[in-house]
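Peer 1: File final-v4.cif below, mmCIF, C-alpha atoms and all ligand atoms:
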data_final
#
loop_
_atom_site.label_atom_id
_atom_site.label_comp_id
_atom_site.auth_asym_id
_atom_site.auth_seq_id
_atom_site.Cartn_x
_atom_site.Cartn_y
_atom_site.Cartn_z
CA MET A 1 0.00 0.00 0.00
CA ASN A 2 3.03 2.32 -0.17
CA ASP A 3 1.97 3.82 -3.50
CA ALA A 4 -1.61 4.17 -2.26
CA ARG A 5 -3.10 7.64 -2.61
CA LYS A 6 -4.79 8.94 0.52
CA ILE A 7 -8.20 10.58 0.46
CA MET A 8 -9.85 12.01 3.57
CA VAL A 9 -13.59 12.71 3.60
CA LEU A 10 -14.28 15.28 6.32
CA GLY A 11 -17.98 15.46 7.13
CA ALA A 12 -19.93 12.23 7.57
CA GLY A 13 -23.42 13.28 6.51
CA ASP A 14 -25.36 12.05 3.50
CA LEU A 15 -22.96 13.35 0.85
CA GLY A 16 -19.75 12.51 2.73
CA ARG A 17 -20.91 8.95 3.34
CA ARG A 18 -21.97 8.49 -0.29
CA VAL A 19 -18.59 9.70 -1.56
CA PHE A 20 -16.66 7.58 0.96
CA HIS A 21 -18.72 4.57 -0.12
CA GLU A 22 -18.03 5.12 -3.82
CA LEU A 23 -14.31 5.76 -3.28
CA ALA A 24 -14.13 2.42 -1.44
CA HIS A 25 -15.45 0.53 -4.47
CA SER A 26 -12.32 0.74 -6.57
CA ASP A 27 -9.30 -1.39 -7.31
CA ARG A 28 -6.99 1.61 -7.41
CA PRO A 29 -4.40 1.61 -4.61
CA ARG A 30 -6.16 3.89 -2.12
CA GLN A 31 -6.44 4.67 1.56
CA VAL A 32 -9.71 6.38 2.35
CA GLN A 33 -10.70 7.81 5.72
CA LEU A 34 -14.13 9.02 6.82
CA VAL A 35 -14.03 11.70 9.52
CA GLY A 36 -17.06 12.93 11.44
CA ARG A 37 -18.05 14.03 14.92
CA ASP A 38 -20.59 11.39 15.97
CA GLY A 39 -18.58 8.30 17.00
CA GLU A 40 -21.40 5.78 16.71
CA ALA A 41 -22.65 7.05 13.33
CA VAL A 42 -19.15 7.27 11.84
CA LEU A 43 -18.18 3.77 13.04
CA ARG A 44 -21.34 2.27 11.58
CA ALA A 45 -21.03 4.12 8.26
CA ALA A 46 -17.36 3.18 7.88
CA ASN A 47 -18.04 -0.47 8.70
CA LEU A 48 -21.02 -0.63 6.31
CA THR A 49 -18.86 0.67 3.48
CA ARG A 50 -15.97 -1.63 4.40
CA PHE A 51 -18.19 -4.71 4.41
CA CYS A 52 -19.85 -3.77 1.08
CA SER A 53 -16.42 -3.19 -0.44
CA ILE A 54 -15.13 -6.57 0.79
CA GLN A 55 -18.31 -8.25 -0.46
CA ARG A 56 -17.62 -6.97 -3.97
CA GLY A 57 -13.95 -7.91 -3.92
CA HIS A 58 -12.36 -4.46 -3.62
CA THR A 59 -9.21 -3.76 -1.70
CA PRO A 60 -8.87 -0.10 -0.58
CA ALA A 61 -7.67 0.43 3.00
CA LEU A 62 -10.54 2.09 4.86
CA SER A 63 -10.50 3.82 8.22
CA HIS A 64 -12.43 6.35 10.23
CA ALA A 65 -11.64 9.07 12.75
CA LEU A 66 -13.40 11.69 14.85
CA THR A 67 -13.17 15.43 15.15
CA ASP A 68 -15.44 18.37 15.71
CA LEU A 69 -14.67 21.20 13.29
CA THR A 70 -15.12 23.73 16.08
CA ASP A 71 -11.91 22.22 17.54
CA VAL A 72 -9.44 23.48 14.94
CA ALA A 73 -6.35 22.08 16.69
CA ARG A 74 -7.83 18.59 16.88
CA THR A 75 -8.93 18.67 13.23
CA ALA A 76 -5.43 19.83 12.24
CA GLU A 77 -3.94 16.94 14.18
CA ARG A 78 -6.28 14.49 12.40
CA ILE A 79 -5.28 15.86 9.01
CA ALA A 80 -1.57 15.79 9.83
CA SER A 81 -1.69 12.22 11.11
CA PHE A 82 -3.54 10.80 8.07
CA ALA A 83 -1.59 13.06 5.66
CA PRO A 84 -4.11 13.00 2.80
CA ASP A 85 -3.23 13.73 -0.82
CA VAL A 86 -6.82 14.85 -1.36
CA LEU A 87 -9.14 16.27 1.30
CA PHE A 88 -12.89 16.36 0.59
CA LEU A 89 -14.96 18.70 2.77
CA ALA A 90 -18.61 17.66 3.08
CA ALA A 91 -19.58 19.38 6.32
CA SER A 92 -22.33 21.92 6.81
CA TYR A 93 -24.26 23.37 9.73
CA GLN A 94 -27.43 23.17 7.64
CA SER A 95 -27.58 21.38 4.30
CA TRP A 96 -29.83 22.72 1.53
CA TRP A 97 -32.47 20.01 2.10
CA VAL A 98 -33.10 20.81 5.79
CA ILE A 99 -35.68 23.53 5.04
CA SER A 100 -37.69 20.92 3.09
CA THR A 101 -38.32 19.15 6.43
CA LEU A 102 -40.42 22.13 7.60
CA GLU A 103 -44.21 22.08 7.44
CA GLU A 104 -45.02 22.50 3.72
CA SER A 105 -46.36 26.07 3.62
CA ALA A 106 -43.52 27.27 5.88
CA PHE A 107 -41.03 25.54 3.56
CA LYS A 108 -42.50 27.30 0.52
CA ARG A 109 -42.27 30.70 2.16
CA VAL A 110 -38.68 30.22 3.36
CA TYR A 111 -37.63 28.72 0.02
CA ALA A 112 -38.44 32.09 -1.59
CA ALA A 113 -35.41 33.60 0.18
CA ASN A 114 -33.16 31.53 -2.12
CA TYR A 115 -29.82 30.18 -0.97
CA GLY A 116 -27.60 33.22 -0.36
CA PRO A 117 -28.88 34.22 3.11
CA TRP A 118 -27.95 30.73 4.43
CA LEU A 119 -24.29 31.28 3.47
CA PRO A 120 -23.02 31.38 7.11
CA MET A 121 -24.20 27.75 7.59
CA HIS A 122 -21.75 26.59 4.89
CA LEU A 123 -19.06 29.23 5.20
CA THR A 124 -18.38 28.68 8.91
CA PRO A 125 -17.53 24.94 8.91
CA VAL A 126 -15.48 25.32 5.73
CA MET A 127 -13.57 28.25 7.25
CA LYS A 128 -12.84 26.19 10.37
CA ALA A 129 -11.72 23.24 8.24
CA MET A 130 -9.43 25.53 6.24
CA GLU A 131 -7.92 26.99 9.41
CA ALA A 132 -7.16 23.38 10.40
CA VAL A 133 -5.72 22.70 6.94
CA ARG A 134 -3.30 25.63 7.33
CA LEU A 135 -2.38 24.64 10.90
CA SER A 136 -1.70 21.03 9.87
CA GLY A 137 0.81 22.06 7.21
CA THR A 138 -0.79 19.63 4.72
CA GLU A 139 -0.29 20.15 1.00
CA ALA A 140 -3.40 18.15 0.14
CA VAL A 141 -5.64 19.39 -2.65
CA VAL A 142 -8.78 20.59 -0.85
CA VAL A 143 -12.13 19.96 -2.54
CA ASN A 144 -15.31 21.40 -0.97
CA ALA A 145 -19.00 20.59 -1.44
CA ALA A 146 -20.60 23.30 0.70
CA TYR A 147 -21.81 26.19 -1.50
CA PRO A 148 -18.41 26.68 -3.20
CA ASP A 149 -19.86 29.32 -5.61
CA ALA A 150 -19.97 31.84 -2.74
CA VAL A 151 -17.91 30.24 0.05
CA HIS A 152 -14.72 30.17 -2.03
CA PRO A 153 -14.65 33.82 -3.13
CA VAL A 154 -15.32 34.89 0.48
CA LEU A 155 -12.58 32.65 1.88
CA GLY A 156 -10.26 33.54 -1.02
CA ALA A 157 -10.35 37.12 0.22
CA VAL A 158 -8.82 36.00 3.53
CA GLY A 159 -6.42 33.43 2.03
CA LEU A 160 -8.47 30.41 3.07
CA SER A 161 -10.23 29.19 -0.07
CA PRO A 162 -10.33 25.46 -0.81
CA ASP A 163 -8.76 24.65 -4.20
CA ILE A 164 -11.95 23.62 -6.00
CA GLY A 165 -15.62 22.86 -5.37
CA ILE A 166 -17.91 20.15 -6.64
CA GLY A 167 -21.48 19.87 -7.91
CA ASN A 168 -23.87 22.74 -8.70
CA VAL A 169 -22.79 23.75 -12.25
CA ALA A 170 -21.72 20.11 -12.78
CA ASN A 171 -24.99 18.53 -11.72
CA ASN A 172 -26.89 19.44 -14.91
CA VAL A 173 -24.15 18.74 -17.42
CA PRO A 174 -24.92 15.00 -17.83
CA GLY A 175 -28.63 15.80 -18.32
CA ILE A 176 -27.84 18.41 -20.98
CA THR A 177 -25.36 16.02 -22.62
CA ALA A 178 -27.96 13.23 -22.77
CA THR A 179 -30.63 15.61 -24.13
CA VAL A 180 -28.37 16.84 -26.94
CA ALA A 181 -27.03 13.36 -27.72
CA ASP A 182 -30.55 11.93 -28.05
CA GLU A 183 -31.70 14.90 -30.16
CA LEU A 184 -28.81 14.43 -32.58
CA GLY A 185 -28.90 10.63 -32.49
CA ARG A 186 -25.35 10.53 -31.18
CA ALA A 187 -23.64 8.80 -28.27
CA ALA A 188 -23.12 10.88 -25.13
CA GLU A 189 -19.34 10.62 -25.49
CA ASP A 190 -19.52 12.45 -28.87
CA VAL A 191 -21.07 15.51 -27.17
CA GLU A 192 -19.03 18.02 -25.17
CA VAL A 193 -20.99 20.52 -23.09
CA ARG A 194 -19.41 23.64 -21.64
CA LEU A 195 -21.59 25.35 -19.06
CA VAL A 196 -20.88 28.52 -17.11
CA ALA A 197 -23.48 28.92 -14.37
CA HIS A 198 -23.89 29.92 -10.75
CA HIS A 199 -25.55 27.71 -8.10
CA TYR A 200 -28.80 29.65 -8.62
CA VAL A 201 -28.96 28.62 -12.28
CA SER A 202 -27.98 25.00 -11.59
CA HIS A 203 -30.77 24.82 -9.05
CA ARG A 204 -33.29 26.30 -11.56
CA LEU A 205 -32.31 24.31 -14.63
CA SER A 206 -33.47 20.92 -13.42
CA ARG A 207 -36.68 22.39 -11.96
CA HIS A 208 -37.70 24.96 -14.60
CA GLY A 209 -35.53 24.21 -17.64
CA ASP A 210 -34.21 27.77 -17.87
CA SER A 211 -31.93 30.20 -16.04
CA GLY A 212 -34.78 32.56 -15.06
CA PRO A 213 -33.71 36.19 -14.60
CA ALA A 214 -30.03 35.17 -14.37
CA ALA A 215 -27.66 34.61 -17.29
CA MET A 216 -25.86 31.40 -18.18
CA GLY A 217 -23.25 30.47 -20.78
CA LEU A 218 -23.64 27.26 -22.74
CA GLY A 219 -21.60 25.86 -25.60
CA VAL A 220 -21.98 22.46 -27.26
CA ARG A 221 -19.43 20.69 -29.42
CA VAL A 222 -19.95 17.49 -31.37
CA ASP A 223 -16.86 15.73 -32.72
CA GLY A 224 -14.90 18.80 -31.62
CA ARG A 225 -17.03 21.22 -33.73
CA ASP A 226 -19.11 23.97 -32.08
CA VAL A 227 -22.76 23.26 -32.94
CA THR A 228 -24.42 25.56 -30.39
CA ALA A 229 -25.93 27.88 -33.02
CA GLU A 230 -27.50 24.90 -34.82
CA LEU A 231 -29.41 23.78 -31.72
CA ASP A 232 -32.68 25.03 -30.22
CA VAL A 233 -30.97 25.49 -26.84
CA PRO A 234 -34.01 26.89 -24.93
CA GLY A 235 -36.19 24.07 -26.30
CA LEU A 236 -33.65 21.42 -25.27
CA LEU A 237 -33.24 22.88 -21.78
CA LYS A 238 -37.03 22.82 -21.29
CA ARG A 239 -36.81 19.03 -21.58
CA LEU A 240 -34.71 18.81 -18.38
CA PRO A 241 -37.69 19.02 -15.99
CA ALA A 242 -39.87 17.08 -18.50
CA ARG A 243 -38.69 13.98 -20.35
CA TYR A 244 -35.26 14.21 -18.70
CA ARG A 245 -36.49 14.77 -15.14
CA ARG A 246 -34.67 12.81 -12.47
CA THR A 247 -35.04 11.81 -8.83
CA GLY A 248 -34.42 14.82 -6.59
CA GLY A 249 -34.18 15.44 -2.84
CA MET A 250 -31.73 13.47 -0.76
CA ALA A 251 -31.93 10.42 -3.03
CA GLY A 252 -30.92 12.75 -5.86
CA GLN A 253 -27.64 13.44 -4.05
CA ALA A 254 -26.37 10.40 -5.98
CA MET A 255 -25.90 12.98 -8.76
CA THR A 256 -23.89 15.27 -6.46
CA ALA A 257 -21.76 12.35 -5.33
CA ALA A 258 -21.04 11.51 -8.99
CA SER A 259 -20.08 15.15 -9.60
CA ALA A 260 -17.77 15.01 -6.58
CA LEU A 261 -16.16 11.81 -7.83
CA SER A 262 -15.63 13.33 -11.28
CA VAL A 263 -13.23 15.76 -9.54
CA LEU A 264 -11.88 13.59 -6.71
CA GLU A 265 -10.95 10.50 -8.71
CA PRO A 266 -8.72 12.22 -11.29
CA LEU A 267 -7.00 14.10 -8.44
CA ALA A 268 -6.57 10.92 -6.40
CA ASP A 269 -5.44 8.85 -9.37
CA GLY A 270 -3.13 11.53 -10.76
CA ARG A 271 -4.80 11.81 -14.17
CA ASP A 272 -5.95 14.78 -16.26
CA ALA A 273 -9.65 15.35 -16.92
CA VAL A 274 -12.16 17.94 -18.10
CA VAL A 275 -14.89 18.46 -15.50
CA HIS A 276 -17.33 21.13 -14.30
CA ALA A 277 -16.87 22.69 -10.90
CA PRO A 278 -17.79 25.75 -8.82
CA GLY A 279 -15.32 27.83 -6.85
CA VAL A 280 -12.20 26.84 -8.79
CA ASP A 281 -9.16 28.53 -7.23
CA GLY A 282 -11.52 30.82 -5.29
CA ALA A 283 -13.59 31.85 -8.33
CA LEU A 284 -17.18 33.02 -7.92
CA GLY A 285 -19.70 30.64 -9.56
CA GLY A 286 -19.15 27.61 -11.75
CA TYR A 287 -17.14 26.79 -14.87
CA PRO A 288 -15.87 23.97 -17.06
CA VAL A 289 -12.40 23.14 -15.72
CA ALA A 290 -9.40 21.28 -17.09
CA ILE A 291 -7.53 19.30 -14.41
CA GLU A 292 -3.94 19.18 -15.63
CA SER A 293 -1.21 17.61 -13.46
CA GLY A 294 -3.26 18.40 -10.35
CA LYS A 295 -3.73 22.07 -11.32
CA PHE A 296 -6.90 23.75 -12.59
CA ARG A 297 -7.56 25.80 -15.71
CA LYS A 298 -10.94 27.39 -16.37
CA LEU A 299 -12.40 26.64 -19.80
CA LEU A 300 -15.07 28.78 -21.43
CA PRO A 301 -17.67 28.20 -24.14
CA GLU A 302 -16.53 29.32 -27.63
CA GLY A 303 -16.42 33.13 -27.89
CA MET A 304 -16.92 33.86 -24.16
CA THR A 305 -14.34 36.05 -22.42
CA GLU A 306 -13.24 35.75 -18.77
CA GLU A 307 -15.11 38.98 -18.01
CA GLN A 308 -18.30 37.68 -19.61
CA GLY A 309 -18.01 34.42 -17.66
CA HIS A 310 -17.63 36.35 -14.43
CA ALA A 311 -20.61 38.58 -15.27
CA VAL A 312 -22.76 35.51 -15.96
CA ASN A 313 -21.91 34.13 -12.53
CA VAL A 314 -22.48 37.46 -10.77
CA SER A 315 -25.98 37.60 -12.31
CA GLY A 316 -26.72 34.19 -10.74
CA GLN A 317 -25.23 35.22 -7.43
CA VAL A 318 -27.58 38.23 -7.22
CA GLN A 319 -30.61 36.01 -7.90
CA ASP A 320 -29.34 33.65 -5.19
CA GLY A 321 -29.56 36.54 -2.71
CA ILE A 322 -26.01 37.90 -2.59
CA SER A 323 -25.57 41.37 -4.10
CA GLU A 324 -21.81 41.49 -3.79
CA ILE A 325 -18.72 39.84 -2.33
CA ARG A 326 -16.22 42.63 -1.70
CA ALA A 327 -12.45 42.30 -2.10
CA ASP A 328 -12.05 41.95 1.69
CA GLY A 329 -14.60 39.10 1.80
CA THR A 330 -17.49 41.19 3.13
CA VAL A 331 -20.78 39.79 1.84
CA VAL A 332 -23.61 42.15 0.93
CA PHE A 333 -26.99 40.41 0.92
CA GLU A 334 -29.87 41.19 -1.46
CA PRO A 335 -32.57 43.16 0.39
CA SER A 336 -35.39 41.15 -1.28
CA SER A 337 -33.97 37.80 -0.09
CA MET A 338 -33.23 39.15 3.36
CA ALA A 339 -36.78 40.53 3.60
CA VAL A 340 -38.06 36.93 3.38
CA MET A 341 -35.66 35.79 6.13
CA SER A 342 -36.69 38.76 8.25
CA ALA A 343 -40.43 38.17 7.81
CA GLU A 344 -40.22 34.41 8.44
CA LEU A 345 -37.33 33.90 10.87
CA GLY A 346 -36.84 37.40 12.26
CA TYR A 347 -33.27 37.21 10.89
CA GLU A 348 -31.78 40.38 9.43
CA CYS A 349 -28.29 40.81 8.02
CA ALA A 350 -27.41 43.46 5.44
CA GLU A 351 -23.65 42.80 5.39
CA MET A 352 -21.32 40.23 6.95
CA THR A 353 -17.54 40.00 7.21
CA PRO A 354 -15.92 36.52 7.26
CA ALA A 355 -15.14 37.00 10.99
CA GLU A 356 -18.85 37.58 11.70
CA ALA A 357 -19.97 34.38 9.94
CA GLU A 358 -19.81 32.07 12.98
CA GLY A 359 -22.01 34.34 15.12
CA ARG A 360 -24.45 34.66 12.23
CA ALA A 361 -24.54 30.86 11.78
CA LEU A 362 -25.37 30.35 15.45
CA GLU A 363 -28.09 32.99 15.23
CA ILE A 364 -29.65 31.39 12.13
CA ALA A 365 -29.57 27.94 13.77
CA GLU A 366 -31.41 29.27 16.85
CA ARG A 367 -33.96 31.23 14.85
CA PHE A 368 -34.55 28.32 12.48
CA GLU A 369 -35.30 25.90 15.31
CA ALA A 370 -37.69 28.41 16.90
CA TYR A 371 -39.36 28.85 13.49
CA ARG A 372 -39.74 25.08 13.12
CA VAL A 373 -41.51 24.89 16.47
CA ARG A 374 -43.68 27.93 15.66
CA THR A 375 -44.79 26.62 12.27
CA SER A 376 -45.19 22.94 13.12
CA GLY A 377 -48.73 23.52 14.34
N1 LIG B 401 -22.41 21.33 -4.44
C1 LIG B 401 -23.52 20.58 -4.59
O1 LIG B 401 -24.00 20.31 -5.68
C2 LIG B 401 -24.18 20.05 -3.35
C3 LIG B 401 -25.24 19.16 -3.43
C4 LIG B 401 -25.74 18.62 -2.25
C5 LIG B 401 -25.25 19.03 -1.03
N2 LIG B 401 -24.26 19.98 -1.02
C6 LIG B 401 -23.72 20.51 0.22
O2 LIG B 401 -22.85 19.56 0.80
C7 LIG B 401 -22.85 19.76 2.21
C8 LIG B 401 -23.19 18.43 2.88
O3 LIG B 401 -24.50 18.06 2.50
P1 LIG B 401 -25.24 16.81 3.14
O4 LIG B 401 -26.53 16.70 2.45
O5 LIG B 401 -24.34 15.66 3.23
O6 LIG B 401 -25.53 17.39 4.62
P2 LIG B 401 -25.67 16.58 5.98
O7 LIG B 401 -26.20 15.21 5.73
O8 LIG B 401 -26.41 17.46 6.94
O9 LIG B 401 -24.16 16.46 6.44
C9 LIG B 401 -23.46 17.53 6.98
C10 LIG B 401 -22.47 16.96 7.94
O10 LIG B 401 -21.72 18.02 8.52
C11 LIG B 401 -21.43 17.61 9.82
N3 LIG B 401 -21.06 18.68 10.72
C12 LIG B 401 -21.77 19.77 11.07
N4 LIG B 401 -21.10 20.48 11.98
C13 LIG B 401 -19.95 19.81 12.21
C14 LIG B 401 -18.86 20.04 13.08
N5 LIG B 401 -18.81 21.09 13.90
N6 LIG B 401 -17.84 19.13 13.10
C15 LIG B 401 -17.88 18.05 12.29
N7 LIG B 401 -18.89 17.80 11.44
C16 LIG B 401 -19.91 18.66 11.42
C17 LIG B 401 -22.71 16.96 10.32
O11 LIG B 401 -22.40 16.15 11.42
P3 LIG B 401 -23.52 15.35 12.25
O12 LIG B 401 -23.93 14.23 11.34
O13 LIG B 401 -22.79 14.89 13.45
O14 LIG B 401 -24.61 16.34 12.49
C18 LIG B 401 -23.14 16.18 9.09
O15 LIG B 401 -22.63 14.87 9.13
C19 LIG B 401 -23.89 20.86 2.48
O16 LIG B 401 -23.25 22.11 2.50
C20 LIG B 401 -24.78 20.79 1.27
O17 LIG B 401 -25.51 21.98 1.02
C21 LIG B 401 -23.72 20.47 -2.14
#
Please re-express this file's structure in C-alpha cells.
Ligand SMILES: NC(=O)c1ccc[n+]([C@@H]2O[C@H](COP(=O)([O-])OP(=O)(O)OC[C@H]3O[C@@H](n4cnc5c(N)ncnc54)[C@H](OP(=O)(O)O)[C@@H]3O)[C@@H](O)[C@H]2O)c1

Peer 2:
Amino acid sequence: MNDARKIMVLGAGDLGRRVFHELAHSDRPRQVQLVGRDGEAVLRAANLTRFCSIQRGHTPALSHALTDLTDVARTAERIASFAPDVLFLAASYQSWWVISTLEESAFKRVYAANYGPWLPMHLTPVMKAMEAVRLSGTEAVVVNAAYPDAVHPVLGAVGLSPDIGIGNVANNVPGITATVADELGRAAEDVEVRLVAHHYVSHRLSRHGDSGPAAMGLGVRVDGRDVTAELDVPGLLKRLPARYRRTGGMAGQAMTAASALSVLEPLADGRDAVVHAPGVDGALGGYPVAIESGKFRKLLPEGMTEEQGHAVNVSGQVQDGISEIRADGTVVFEPSSMAVMSAELGYECAEMTPAEAEGRALEIAERFEAYRVRTSG
C-alpha cells in the first residue's frame, strides 16, 4: 500500500458517506478515511462501506476518525496524522435540504429567500476546516462541497479558499449532454458541453428548464465542432424538468456524489480530466475546468471572455440573494432575499464579514429551530 493515494472525507453526513462509499469501491491503490463528529454514526457508516467493499472484492484500505470542526487544533492533528493527498470537505451546519423538512407552507415561504442568506451555515464549517488545513501544514488538494460558488470567493479574500468545489454547475451537465445526444442521435461521449453557471442557475435548470432572470453560458461541441448555433438550446433545456427529469431530494444526491467523484478521482489517481466545478481557485460561480497535473484551468464556451463568464456568474449570485462579495470578503446580501428571512425567521443581516460568519450561523440555527416549532402547528 506504499503507493496508495490517501483521500480524507471530512464530514460524515449524507454526501460525505456516499462519496466515501463510492471511493471504497475501486481497485486503485487507495487509503480512504471518513471523519465525522458522531462516533457511533461514523463507526457504523465506515463499517457498512468496508463490508460492502469486501463483499464486492475491492481492496482499498478504509478507516475512520473523529473530530469536531469547532476544535481546529484537533482537526489539524487528524489531518496531519492521516496526511491525505486529497481532502474532501462535506460538512455543513445546515444542508440545503433541511428547510424541506419544515411544514409545507412554511417551507414554501422560506424557500423564496433563495440560498444566499444561508451562506453562514456553509461558510463557517469550511472556514474552520481551512484553518485546520493551514495549521496542519498539509499540501493536500482541498475539494469542498458546501456552497463553493460563494464560500470560495469569500474565503479567497482572507487566504483560506479550498482549491476547487464540486457539484452545482456540474450537476446538470450530464442531463444536458444526454438531451443533446438523443436529439442528434449521437452517443453521449460524442457531445461536449461547456456550461458557465452559478448555483442559482444550476438549481433552476433541473426544476424549470431555464436560467430565469439570471444569465448562463452554454456551448456544445460534437466531434470537436461547435454546434451551439444549430441547436434550439431553450427548447432542449425545457426538456430537463420534463422527459429528462430525475429523482431529486436526498436520493438525488447520488448525482452530487457523482459530480464530486468526477473531480476527486482524477485528483486521487493523478490523471488529467475535463470536469465542471464551482469555486475553482476561489472563483465566484461555476465553470468547465481542465484538471492538468493536479492544477486547474478554467475553460469557457466558444467566444466567451473571462469577463463575460464572471458577469454571468455574478448575475446568478444576485438572484441567489447575494448582491456582492467585496475584495475583503465582506458579503452584501440582497434586500429582497433578506426581507423573506426577516419576515419568516426574524433574521436580518445586510452585510457580513468573514469574521462575523460564525455568530451569524449560530443565530440562524437558533432562529430556524424556533421557526420550526412555531410553524409545526
Ligand atoms: N455542491 C452541490 O452540488 C451540493 C449538493 C448537495 C449538497 N451539497 C452541500 O454539501 C454539504 C453536505 O451536504 P449533506 O446533504 O451531506 O448534509 P448533511 O447530511 O447534513 O451532512 C453535513 C455533515 O456536517 C457535519 N457537521 C456539522 N457540523 C460539524 C462540526 N462542527 N464538526 C464536524 N462535522 C460537522 C454533520 O455532522 P452530524 O452528522 O454529526 O450532524 C453532518 O454529518 C452541504 O453544505 C450541502 O448543502 C452540495

Peer 1: With only C-alpha atoms and all ligand atoms counted, collect every polymer residue having an atom within 6 Å of ligand LIG 401 (chain B); state the result as a ChimeraX atom specification.

Peer 2: /A:11-16,36-38,68-70,90-96,122,145-147,166-168,253,256

Peer 1: Of the residues A:Val158, A:Ser100, A:Glu324, A:Leu62, which is the one nearest to Gly249 in chain A, using all atoms listed in the file?

Peer 2: A:Ser100

Peer 1: In the coordinates of the file, take the point (-21.3, 32.1, -10.3) and a cut-off of 10 Å; then, counting all atoms listed in the file, name each qualifying protein, DNA or RNA residue as a ChimeraX atom specification.

Peer 2: /A:148-150,153,168-169,196-202,215-216,278-279,283-287,309-318,320

Peer 1: Save the residues we just selected, C-alpha atoms, as a PDB file, keeping the file's coordinate frame?

Peer 2:
ATOM      1  CA  PRO A 148     -18.410  26.680  -3.200  1.00  0.00           C
ATOM      2  CA  ASP A 149     -19.860  29.320  -5.610  1.00  0.00           C
ATOM      3  CA  ALA A 150     -19.970  31.840  -2.740  1.00  0.00           C
ATOM      4  CA  PRO A 153     -14.650  33.820  -3.130  1.00  0.00           C
ATOM      5  CA  ASN A 168     -23.870  22.740  -8.700  1.00  0.00           C
ATOM      6  CA  VAL A 169     -22.790  23.750 -12.250  1.00  0.00           C
ATOM      7  CA  VAL A 196     -20.880  28.520 -17.110  1.00  0.00           C
ATOM      8  CA  ALA A 197     -23.480  28.920 -14.370  1.00  0.00           C
ATOM      9  CA  HIS A 198     -23.890  29.920 -10.750  1.00  0.00           C
ATOM     10  CA  HIS A 199     -25.550  27.710  -8.100  1.00  0.00           C
ATOM     11  CA  TYR A 200     -28.800  29.650  -8.620  1.00  0.00           C
ATOM     12  CA  VAL A 201     -28.960  28.620 -12.280  1.00  0.00           C
ATOM     13  CA  SER A 202     -27.980  25.000 -11.590  1.00  0.00           C
ATOM     14  CA  ALA A 215     -27.660  34.610 -17.290  1.00  0.00           C
ATOM     15  CA  MET A 216     -25.860  31.400 -18.180  1.00  0.00           C
ATOM     16  CA  PRO A 278     -17.790  25.750  -8.820  1.00  0.00           C
ATOM     17  CA  GLY A 279     -15.320  27.830  -6.850  1.00  0.00           C
ATOM     18  CA  ALA A 283     -13.590  31.850  -8.330  1.00  0.00           C
ATOM     19  CA  LEU A 284     -17.180  33.020  -7.920  1.00  0.00           C
ATOM     20  CA  GLY A 285     -19.700  30.640  -9.560  1.00  0.00           C
ATOM     21  CA  GLY A 286     -19.150  27.610 -11.750  1.00  0.00           C
ATOM     22  CA  TYR A 287     -17.140  26.790 -14.870  1.00  0.00           C
ATOM     23  CA  GLY A 309     -18.010  34.420 -17.660  1.00  0.00           C
ATOM     24  CA  HIS A 310     -17.630  36.350 -14.430  1.00  0.00           C
ATOM     25  CA  ALA A 311     -20.610  38.580 -15.270  1.00  0.00           C
ATOM     26  CA  VAL A 312     -22.760  35.510 -15.960  1.00  0.00           C
ATOM     27  CA  ASN A 313     -21.910  34.130 -12.530  1.00  0.00           C
ATOM     28  CA  VAL A 314     -22.480  37.460 -10.770  1.00  0.00           C
ATOM     29  CA  SER A 315     -25.980  37.600 -12.310  1.00  0.00           C
ATOM     30  CA  GLY A 316     -26.720  34.190 -10.740  1.00  0.00           C
ATOM     31  CA  GLN A 317     -25.230  35.220  -7.430  1.00  0.00           C
ATOM     32  CA  VAL A 318     -27.580  38.230  -7.220  1.00  0.00           C
ATOM     33  CA  ASP A 320     -29.340  33.650  -5.190  1.00  0.00           C
TER      34      ASP A 320
END

Peer 1: Which residue out of A:Arg17, A:Arg194, A:Arg204, A:Arg239 has the minimum interatomic distance to Val289 in chain A when only C-alpha atoms are used?

Peer 2: A:Arg194

Peer 1: Report the distance between CA of His152 in chain A and CA of Phe88 in chain A in Å, rounded to one decimal place.

Peer 2: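 Distance between the two atoms: 14.2 Å.
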
Peer 1: Compile the contact shell of Met8 in chain A as a short mmCIF file (atom, residue, chain, number, x, y, z; two decimals) with C-alpha atoms, in the frame of the given file: residues with an atom at most 12 Å away, counting only C-alpha atoms, same-chain residues fewer than 2 positions apart removed.

Peer 2:
data_model
loop_
_atom_site.label_atom_id
_atom_site.label_comp_id
_atom_site.auth_asym_id
_atom_site.auth_seq_id
_atom_site.Cartn_x
_atom_site.Cartn_y
_atom_site.Cartn_z
CA ARG A 5 -3.10 7.64 -2.61
CA LYS A 6 -4.79 8.94 0.52
CA LEU A 10 -14.28 15.28 6.32
CA GLY A 11 -17.98 15.46 7.13
CA ALA A 12 -19.93 12.23 7.57
CA GLY A 16 -19.75 12.51 2.73
CA ARG A 17 -20.91 8.95 3.34
CA VAL A 19 -18.59 9.70 -1.56
CA PHE A 20 -16.66 7.58 0.96
CA LEU A 23 -14.31 5.76 -3.28
CA ALA A 24 -14.13 2.42 -1.44
CA ARG A 30 -6.16 3.89 -2.12
CA GLN A 31 -6.44 4.67 1.56
CA VAL A 32 -9.71 6.38 2.35
CA GLN A 33 -10.70 7.81 5.72
CA LEU A 34 -14.13 9.02 6.82
CA VAL A 35 -14.03 11.70 9.52
CA GLY A 36 -17.06 12.93 11.44
CA ALA A 61 -7.67 0.43 3.00
CA LEU A 62 -10.54 2.09 4.86
CA SER A 63 -10.50 3.82 8.22
CA HIS A 64 -12.43 6.35 10.23
CA ALA A 65 -11.64 9.07 12.75
CA LEU A 66 -13.40 11.69 14.85
CA THR A 75 -8.93 18.67 13.23
CA ARG A 78 -6.28 14.49 12.40
CA ILE A 79 -5.28 15.86 9.01
CA ALA A 80 -1.57 15.79 9.83
CA SER A 81 -1.69 12.22 11.11
CA PHE A 82 -3.54 10.80 8.07
CA ALA A 83 -1.59 13.06 5.66
CA PRO A 84 -4.11 13.00 2.80
CA ASP A 85 -3.23 13.73 -0.82
CA VAL A 86 -6.82 14.85 -1.36
CA LEU A 87 -9.14 16.27 1.30
CA PHE A 88 -12.89 16.36 0.59
CA LEU A 89 -14.96 18.70 2.77
CA ALA A 90 -18.61 17.66 3.08
CA VAL A 133 -5.72 22.70 6.94
CA THR A 138 -0.79 19.63 4.72
CA ALA A 140 -3.40 18.15 0.14
CA VAL A 141 -5.64 19.39 -2.65
CA VAL A 142 -8.78 20.59 -0.85
CA VAL A 143 -12.13 19.96 -2.54
CA ASN A 144 -15.31 21.40 -0.97
CA LEU A 264 -11.88 13.59 -6.71
CA ALA A 268 -6.57 10.92 -6.40
#
